[in-house]
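One structure is given below, encoded as structure tokens.
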Amino acid sequence: MVSSLPLPDRVALNGRLIVSVQAPEGSPMRDPAVIAAMAEASLRQGAAGVRLESPEHIGAVRRRCPGALIVGLWKRSFPDSSVYITPGWEEIRAVWAAGADVVAIDATDRPRPEGQELEALITRSRQELGAPLMADVDSIANGLRAASLGCHWVGTTLYGYTEATASLPPPAWDLLGPLRRELPEAVALICEGGIATKQDACRALDCGADAVVVGTGITGVDLQVAAYVRSMAG
């Protein structure tokens with residue numbers, strides 16, 4: 001079920017919202033039909049696309065919303081690496097085959113499972129699959145490296161979530177300006193991580209992002225309800 005939709009360029013993405021439609025393990029929301037319904041609802045209200053986790057959910061949304069822009073990933077954990085967002089070739093290939101238009105990968109400088117190398121994975125993805133890639137990064141240096149290796153989009157997704165940035169709370173405000181100035185003109189810059197309000201989303205655009213990904217603030221029912229309950233319990 002490989003997608004053939006054209007990848008939106010920076011102009012088409014400019015100022016747009018991408019909704020991350022995910023649910024944690026064990027949640028009743030983590031059902032392909034529920035994920036697909038939330039994705040369709042987001043697209044109907046004007047989202048440019050959706051970001052989905054796992055081949056199963058990507059396939060469900062592709063079948064329900066054949067014209068959707070899908071950014072796909074697969075979270076998998078391995079004992080020899082802290083990289084978990086589409087960490088290797090098997091995951092990249094599965095996400096692409098499920099129907100993603102863009103494959104999101106961890107593009108930090110951390111060691112990958114089984115000694116796989118980022119450069120080799122990007123090259124193989126482009127040559128064997130023709131798959132556009134979104135680099136999930138945590139720093140300016142890693143974003144620029146990913147772009148130089150051939151990633152089409154660079155996202156600030158992992159700022160605050162790697163060992164090197166664990167003390168830095170997202171959103172990655174300090175990455176956006178420098179990245180937009182230094183990235184190649186054709187590479188889209190995506191702000192993702194920690195966007196909790198409409199004001200945050202607008203600020204991200206003002207800081208240089210081409211598009212903004214929002215997840216928990218829109219579709220994170222489990223985490224949102226838990227936060228309300230904790231607050232109200234005093």
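Just remember, in the structure tokens the first chain shown is A, the second B, etc., residues are 1-based per chain, and ligands are 1-based in the order shown.
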Next item on the list: Can you list, as a count of residues only, all residues belonging to stretch 105-163 of chain A that DSSP tags as helix (DSSP H, G or I)?
Entry: 26
Notebook entry, point to check: Residues at most 7 Å from A:Ile195, counting only C-alpha atoms, excluding those fewer than 4 positions away in the same chain, as a count of residues only?
Noted result: 4
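A straight line drawn from atom CA of A:Ser82 to atom CA of A:Leu223 is 23.0 Å long.
Contact shell of A:Ala41 at 12 Å (only C-alpha atoms; same-chain neighbours under 4 positions omitted): Val19, Val21, Val34, Ile35, Ala36, Ala37, Gln45, Gly46, Ala47, Ala48, Gly49, Val50, Val61, Arg64, Cys65, Ala68, Ile218 and Thr219 of chain A.
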Notebook entry, point to check: Got a sec: who's within 12 Å of stretch 155-157 of chain A, counting only C-alpha atoms, leaving out chain neighbours fewer than 4 positions off, as a ChimeraX atom specification?
Noted result: /A:18,20,51,71,85,103-108,133-144,146-147,151,161-162,165,169-177,179-180,183,187-195,204,208-215
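Excluding A:Glu119 itself and any same-chain residue fewer than 5 positions from it, the protein and nucleic acid residues within 10 Å of it, counting only C-alpha atoms, are Ala107, Arg124, Ser125, Arg145, Ala146, Ser148, Leu149 and Gly150 of chain A.
Within stretch 54-233 of chain A, the backbone-based DSSP assignment of strand (DSSP E or B) covers Ile70, Val71, Gly72, Leu73, Lys75, Phe78, Ser81, Ile85, Val102, Val103, Ala104, Ile105, Asp106, Leu133, Met134, Ala135, Asp136, Trp153, Val154, Gly155, Ala188, Leu189, Ile190, Cys191, Glu192, Ala211, Val212, Val213 and Val214 of chain A.
A straight line drawn from atom CA of A:Leu69 to atom CA of A:Ala186 is 18.4 Å long.
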Next item on the list: Name all residues at most 10 Å from A:Thr86 (count only C-alpha atoms; drop same-chain ones fewer than 4 positions away) and give them as a PyMOL selection string.
Entry: chain A and resi 53-54+72-77+90-95+103-107+136
Item checked: Atom-to-atom span, atom CA of A:Ala196 and atom CA of A:Pro178, Å ->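 Computing it gives 22.4 Å between the two atoms.
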Note to self: Could you check the closest approach to A:Trp96 for each of A:Gln22, A:Arg112, A:Gln199, A:Pro132 and tell me which residue wins, using only C-alpha atoms?
What the structure shows: A:Pro132
